[in-house]
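Quick notes on the structure that follows.
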Amino acid sequence: MKEKYFPQEIEQKWQKRWAAQKTFEVTEDPTREKFYCLEMLAYTSGRAHIGHVSNFAIGDALAWYKRMRGFNVMHPFGWDAFGQPAETAAIKDGTDPEKFTRDAIAYMKWQFQKMGISYDWSREVATCDPEYYKWNQWFFIRMWERGMLYRKLAPVNWCPREDISLSNEQASGGVCWRCGSPVIQKQLMQWFARITDYADQLLDDLDKLEGKWPDRVIAMQRNWIGRSRGAHVRFKVADSVESIAVFTTRIDTIFGANAIVLAPEHPALEKVLEGKPNRDEVLSFAERLKEQRKTRELEQVEKEGIFTGGYAENPFNNERLPIWIANFVLIEYGTGAIMAVPAGDQRDFEFSRKYHLPFRQIKLTPDGREIPADDLDAPDEDWTTTVNTGEWSGLSSEEANRRMTEHAEARGFGKGAITYKLRDWGISRQRYWGTPVPMIHCERDGIVPVPDDHLPVVLPKGVNLKVEGGSPLDHVPEYVNVTCPKCEGPARRDTDTMDTFVDSTWYYFRYCDPHNDRQPFDPEKIAYWLPVDQYIGGIEHAVLHLIYTRYWTKVMRDLGLVKLDEPIARLLTQGMVNKETYFCPEHEWLFPEQVTEEKTCSICGKAVIAGRVEKMSKSKKNAVDPIEMINIHGADALRLFVLFSGPPDKDKEWSDTGFEGASRYLQRVWRIAYKWRDRIVEASQDRLTIEARELTEYQRKLLRRTHQLIRSITENYEERLHLNTCISSLMELTNEIYTFDQSVEKHHGPTEADVRIAREAIEPLIAMLTPFAPHMSEEMWEAYGHAEDLAVTPWPGFDPELAREEEIEVAVQVNGKLRSRLFASPDASDDDLRSKALADEKVLAATAGQDIVRVIVIPRKLVNVVLK
RNA sequence: GGGGAUGUGGCGGAAUUGGCAGACGCGAAGGUCUCAAAAACCUUUAAGGGUAACCUUGUGUGGGUUCGAUUCCCACCAUCCCCACCA
């Protein structure tokens, strides 16, 4: 052990040794409890960023802890290697996406290895490996065989910037999830996965995740699936055999309807307009609304509509309602038609007011007050009773809903119905760099899957990526032209590739059996390792990856491959690491070193707008490069800093001084460990029993604090995973050791007992530091004469007896205000504490001449004297 | 419009089955060591008052429950995130 701490040297040494000894490689071991610790696979963008550090640091701390607690810990890693950015980059540089991706993997792997994360690299998976995507294709065919996939011409979301179609989830908010460009609609022949068949399961199983997944992720998924219960009601079109179905969650308000409003794309529109004088006017209006939708702006547009000239009959009271079309009714939700009830709905209200449609009163407060039909400010919960609704008047809203739905069913013009916001998952991409769809189109036999023994369908190499329209694969005749597996006649290969989110649905199943060439994985291995015990990743996947992977798991279950409903037992969404930005009105974004102490621009001297903490980005000049940081203070300090600056799920702010602080702390540990090292190693290695009464006060104190802190750190791992407070506790323990060291100096020590006590504190400190600073811990541990690595060393235990306080401080309050403190034994009885408190000088002063009504005693904590 | 969260010193954050608010760190001030500096070590650091022992106020705001509220309840304000003419 050197006198000074040289992080880079130590880190290299241990990274080499771990790799050589295969320290983190694991296999199934039925005799040991497993722990599957997983961080989201990395997209092969080319460079590691600070978000990776945060992600890995959390996962690695937990992996180390569980390993030391004796679990059989699987901690694998892999690459999300297909996708549009690699293709775009390759087009730009005139290279091959494969080369770009392989280079990125090589470089990023080097970066990640410098962080010294305890990954089992033997299980590494890259989704662009044919050995991997072969099984995407295999799943695709199995799902096709079972009708879980279908192909149809449908409007799809299209990102004009990346020239790629997007699933609904990827186009959330009307913008491309990756580049943020506004999405447009395109008609395309696409493969879809029937995820909507699983809507109920995906929703209901969220209950099982309650408390184990972050609330907001569960809420976002619920919201996204968007189940709502209501009814379909058919309105007969007047003077026609046609009828229009409407979806409503509030059938009880149907007496307040003043119109039927259709989406401009509604199929019944043509029939309604038949023979109407303003037919052409309405149709061209509809065209305009459709056009408006295609390039829909993000902000709300004003409600616009037009009367078609047709009427529909309200089946409850046979009232004739005008049929309109309007821009605020969406074809893709419900039935694409609504009944407008201005008294019950903000949008209908606005629409009715604009076009002077009649208002009808239907609301009554519980105390019988009628709410005017045009008073929309009355909150929903205030009107629970219906009025003016025929035979259902006076019923509660809930009751009316139920009975009116029954009535509609009995009369055959309506039915209880459930709708969802969730749409089927469009998984086709007309791009090159993805998993080829393993299907063949034959004129005679239609769509025929590639036989299993011909898998994988391998991506051809050297493909020209710069093609206009369609997929680059369309232009590769030797790929496209095949024989039909059924009739052996000429046929065409499907040239779509799969959405890369297919790749990541099941990659962590593959980690369990990464080299299996007969099946995607051995179900027995899955039975051992799954579910993932702790998953760690970014919140941005709340309704993307995390809903797809839940769906895929259910599909695999229904294919008989796995036996679980939910693949991820616990989820942690880590916060982002942000940093201050500096903005000069003249020179825009500045690096911190371009800002003077007076907060002015060092180039032009103008005042700088400083202090906004934002997500790190190159353009804002506030990005921090992890490798540069490792070169300064080492990976251990970097990891320690990221974890110490806040709870794992919260956003953090990068601070150079904070990072230095982390490094300073490690050096502090190193110094005290170095100082005591020779004494401890040379002393007897037997674990002598320590008789408390033979010890001095400062010795007993260190021993007690050590056991207390082991307890609190251990509990924190088990319960909350607030790693920042674990680190605080380690710092406290370090401070205690320094205090102890000073006492020893003062007593001209060390004595034999001092050395023993020091060892009892320093060794647990080193061991418990491992999850945060594994390289340094291993180095110190070795220097302390341990033959075995920390990776196989048990987590320190604590003795509750030794952790027990000898004397505790009890707060004394008078009327809830702190007046004094007293010292007592932890087992002091309530009466003891009570009489001690009442005898206290300050209490006597505060209570002088007043009546004591009660005395409340909380054992070991406080006494409250209540006056008057 | 719907949903989810958050609000504590100069800063990051501790403390939650209701029981001493501010652990730990950063920053700052003073000191020791040194020719000097760095590092390290020691002391102080919520605000206001007092020479001092101490006193008063204080966890976004206003109420409530309680012997006692950062914690529970109600209302409000502010900030952030997600979804959104979703019927």
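Numbering starts fresh at 1 for the residues of each chain in the structure tokens, the chains themselves are lettered A, B, ... in the order given, and ligands are numbered from 1 as they appear.
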With only C-alpha atoms (C1' of nucleotides) counted and 6 Å as the cut-off, give the residues of chain A in contact with chain B, each with its shortest interatomic distance in Å and the pair that gives it, as CSV.
residue,atom,partner,partner_atom,distance
A:Arg216,CA,B:G4,C1',5.1
A:Thr248,CA,B:A87,C1',5.8
A:Phe328,CA,B:C85,C1',4.8
A:Ser645,CA,B:G12,C1',5.9
A:Gly658,CA,B:C26,C1',5.8
A:Ser728,CA,B:C24,C1',4.4
A:Ala811,CA,B:C20,C1',5.5
A:Gly816,CA,B:G68,C1',5.0
A:Val866,CA,B:C67,C1',5.8
Open item on the list: When you look at range 312-327 of chain A with a cut-off of 6 Å (counting only C-alpha atoms (C1' of nucleotides)), what residues show up, excluding the ones that are within fewer than 2 positions of it in the same chain? I need them as a PyMOL selection string.
Closed with: chain A and resi 235-238+258-264+289+304-308+310+329
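Note that CA of Gly412 in chain A and CA of Lys271 in chain A are 22.2 Å apart.
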Open item on the list: Would you pick out the contacts of Lys621 in chain A at 8 Å or less, using only C-alpha atoms (C1' of nucleotides), so that residues sharing its chain but fewer than 2 positions from it are not included, and give the list as a PyMOL selection string?
Closed with: chain A and resi 581+589-591+616-619+623
Task: Point-to-point distance in Å for CA of Cys726 in chain A and CA of Tyr508 in chain A - done: 28.7 Å
TODO: Identify, on the basis of only C-alpha atoms (C1' of nucleotides), every residue whose closest approach to G60 in chain B does not exceed 12 Å; exclude the query and any residue fewer than 6 positions from it along the same chain; express the result as a ChimeraX atom specification.
DONE: /B:6-8,70,76-79
Task: Sel. of strand (DSSP E) residues, range 198-258 of chain A, as a list in words - done: Ser228, Arg229, Gly230, Ala231, His232, Val233, Arg234, Phe235, Lys236, Val237, Ser243, Ile244, Ala245, Val246, Phe247 and Thr248 of chain A
Keeping C-alpha atoms, export the residues of the selection given above as a PDB file, in the first residue's frame.
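Written out: part25.pdb:
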ATOM      1  CA  SER A 228     -62.506   4.212 -20.352  1.00  0.00           C
ATOM      2  CA  ARG A 229     -65.805   2.539 -19.692  1.00  0.00           C
ATOM      3  CA  GLY A 230     -68.965   3.827 -21.242  1.00  0.00           C
ATOM      4  CA  ALA A 231     -71.471   2.823 -23.878  1.00  0.00           C
ATOM      5  CA  HIS A 232     -71.986   2.757 -27.577  1.00  0.00           C
ATOM      6  CA  VAL A 233     -75.292   4.293 -28.596  1.00  0.00           C
ATOM      7  CA  ARG A 234     -76.696   4.082 -32.120  1.00  0.00           C
ATOM      8  CA  PHE A 235     -78.473   7.139 -33.472  1.00  0.00           C
ATOM      9  CA  LYS A 236     -80.675   6.444 -36.459  1.00  0.00           C
ATOM     10  CA  VAL A 237     -80.120   8.800 -39.365  1.00  0.00           C
ATOM     11  CA  SER A 243     -77.266   4.775 -38.151  1.00  0.00           C
ATOM     12  CA  ILE A 244     -74.325   6.390 -36.430  1.00  0.00           C
ATOM     13  CA  ALA A 245     -72.722   4.866 -33.372  1.00  0.00           C
ATOM     14  CA  VAL A 246     -71.438   7.184 -30.691  1.00  0.00           C
ATOM     15  CA  PHE A 247     -69.180   6.365 -27.765  1.00  0.00           C
ATOM     16  CA  THR A 248     -69.954   8.101 -24.487  1.00  0.00           C
TER      17      THR A 248
END
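CA of Arg668 in chain A lies 14.9 Å from CA of Glu779 in chain A.
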Open item on the list: Using only C-alpha atoms (C1' of nucleotides), which protein or nucleic acid residues come within 10 Å of Gln201 in chain A? Drop anything in the same chain fewer than 4 positions from it, and give the result as an NGL selection string.
Closed with: :A and (196-197 or 205-206 or 550-551 or 554 or 565)
Please save all heavy atoms of the selected residues as a short mmCIF file (atom, residue, chain, number, x, y, z; two decimals), in the first residue's frame.
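Result file selection_37.cif:
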data_model
loop_
_atom_site.label_atom_id
_atom_site.label_comp_id
_atom_site.auth_asym_id
_atom_site.auth_seq_id
_atom_site.Cartn_x
_atom_site.Cartn_y
_atom_site.Cartn_z
N THR A 196 -53.00 -4.21 -28.57
CA THR A 196 -54.30 -3.84 -27.96
C THR A 196 -55.03 -5.06 -27.41
O THR A 196 -55.85 -4.92 -26.50
CB THR A 196 -55.21 -3.13 -28.98
OG1 THR A 196 -55.27 -3.92 -30.17
CG2 THR A 196 -54.67 -1.75 -29.33
N ASP A 197 -54.73 -6.25 -27.94
CA ASP A 197 -55.33 -7.45 -27.36
C ASP A 197 -54.91 -7.63 -25.91
O ASP A 197 -55.55 -8.35 -25.16
CB ASP A 197 -54.90 -8.70 -28.14
CG ASP A 197 -55.65 -8.82 -29.47
OD1 ASP A 197 -56.54 -7.99 -29.69
OD2 ASP A 197 -55.31 -9.73 -30.25
N ASP A 205 -52.29 -5.63 -14.69
CA ASP A 205 -51.07 -6.10 -14.04
C ASP A 205 -50.24 -4.96 -13.45
O ASP A 205 -49.33 -5.20 -12.66
CB ASP A 205 -50.22 -6.93 -15.00
CG ASP A 205 -50.79 -8.33 -15.18
OD1 ASP A 205 -51.74 -8.68 -14.44
OD2 ASP A 205 -50.31 -9.08 -16.05
N LEU A 206 -50.58 -3.74 -13.84
CA LEU A 206 -49.87 -2.61 -13.22
C LEU A 206 -50.11 -2.59 -11.71
O LEU A 206 -49.26 -2.12 -10.95
CB LEU A 206 -50.33 -1.27 -13.83
CG LEU A 206 -49.81 -0.95 -15.23
CD1 LEU A 206 -50.48 0.30 -15.77
CD2 LEU A 206 -48.30 -0.76 -15.22
N ARG A 550 -43.13 -5.34 -21.37
CA ARG A 550 -44.18 -6.01 -20.59
C ARG A 550 -45.08 -6.81 -21.54
O ARG A 550 -45.46 -7.94 -21.25
CB ARG A 550 -45.00 -4.97 -19.81
CG ARG A 550 -44.22 -4.26 -18.72
CD ARG A 550 -45.10 -3.29 -17.94
NE ARG A 550 -46.24 -3.96 -17.36
CZ ARG A 550 -47.50 -3.53 -17.43
NH1 ARG A 550 -47.78 -2.39 -18.03
NH2 ARG A 550 -48.47 -4.22 -16.88
N TYR A 551 -45.39 -6.19 -22.67
CA TYR A 551 -46.23 -6.86 -23.66
C TYR A 551 -45.54 -8.11 -24.19
O TYR A 551 -46.14 -9.19 -24.25
CB TYR A 551 -46.52 -5.87 -24.80
CG TYR A 551 -46.93 -6.49 -26.11
CD1 TYR A 551 -48.12 -7.21 -26.22
CD2 TYR A 551 -46.13 -6.35 -27.24
CE1 TYR A 551 -48.49 -7.77 -27.43
CE2 TYR A 551 -46.50 -6.90 -28.45
CZ TYR A 551 -47.68 -7.62 -28.55
OH TYR A 551 -48.03 -8.18 -29.75
N LYS A 554 -45.64 -11.08 -21.97
CA LYS A 554 -46.94 -11.75 -21.97
C LYS A 554 -47.11 -12.60 -23.23
O LYS A 554 -47.70 -13.68 -23.19
CB LYS A 554 -48.06 -10.73 -21.82
CG LYS A 554 -48.08 -10.08 -20.43
CD LYS A 554 -49.03 -8.91 -20.34
CE LYS A 554 -48.76 -8.05 -19.13
NZ LYS A 554 -48.79 -8.77 -17.84
N ASP A 565 -45.75 -13.21 -15.70
CA ASP A 565 -46.63 -12.18 -16.24
C ASP A 565 -45.87 -10.86 -16.36
O ASP A 565 -46.07 -10.11 -17.30
CB ASP A 565 -47.82 -11.94 -15.31
CG ASP A 565 -48.72 -13.16 -15.25
OD1 ASP A 565 -48.92 -13.79 -16.30
OD2 ASP A 565 -49.21 -13.48 -14.15
#
Open item on the list: Report as a list in words all protein, DNA and RNA residues lying within 9 Å of range 474-480 of chain A, evaluated on only C-alpha atoms (C1' of nucleotides), omitting residues in the same chain fewer than 3 positions from it.
Closed with: Ile440, Leu459, Pro460, Val463, Asn464, Val467, Gly470, Ser471, Ala491, Arg492, Arg493, Asp494, Thr495 and Asp496 of chain A
Selection to disk with C-alpha atoms, as a PDB file, in the first residue's frame:
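Contents of again.pdb, as written:
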ATOM      1  CA  ILE A 440     -42.001 -13.845 -48.289  1.00  0.00           C
ATOM      2  CA  LEU A 459     -28.965  -8.287 -43.775  1.00  0.00           C
ATOM      3  CA  PRO A 460     -27.099  -8.050 -47.065  1.00  0.00           C
ATOM      4  CA  VAL A 463     -26.257  -1.848 -49.768  1.00  0.00           C
ATOM      5  CA  ASN A 464     -26.744   1.603 -51.259  1.00  0.00           C
ATOM      6  CA  VAL A 467     -32.464   5.719 -52.119  1.00  0.00           C
ATOM      7  CA  GLY A 470     -39.140   2.836 -49.994  1.00  0.00           C
ATOM      8  CA  SER A 471     -36.477   0.789 -48.295  1.00  0.00           C
ATOM      9  CA  ALA A 491     -41.568 -14.766 -54.905  1.00  0.00           C
ATOM     10  CA  ARG A 492     -40.502 -11.513 -53.286  1.00  0.00           C
ATOM     11  CA  ARG A 493     -38.968 -11.097 -49.906  1.00  0.00           C
ATOM     12  CA  ASP A 494     -40.559  -8.559 -47.554  1.00  0.00           C
ATOM     13  CA  THR A 495     -38.106  -5.676 -47.371  1.00  0.00           C
ATOM     14  CA  ASP A 496     -39.248  -4.105 -44.117  1.00  0.00           C
TER      15      ASP A 496
END
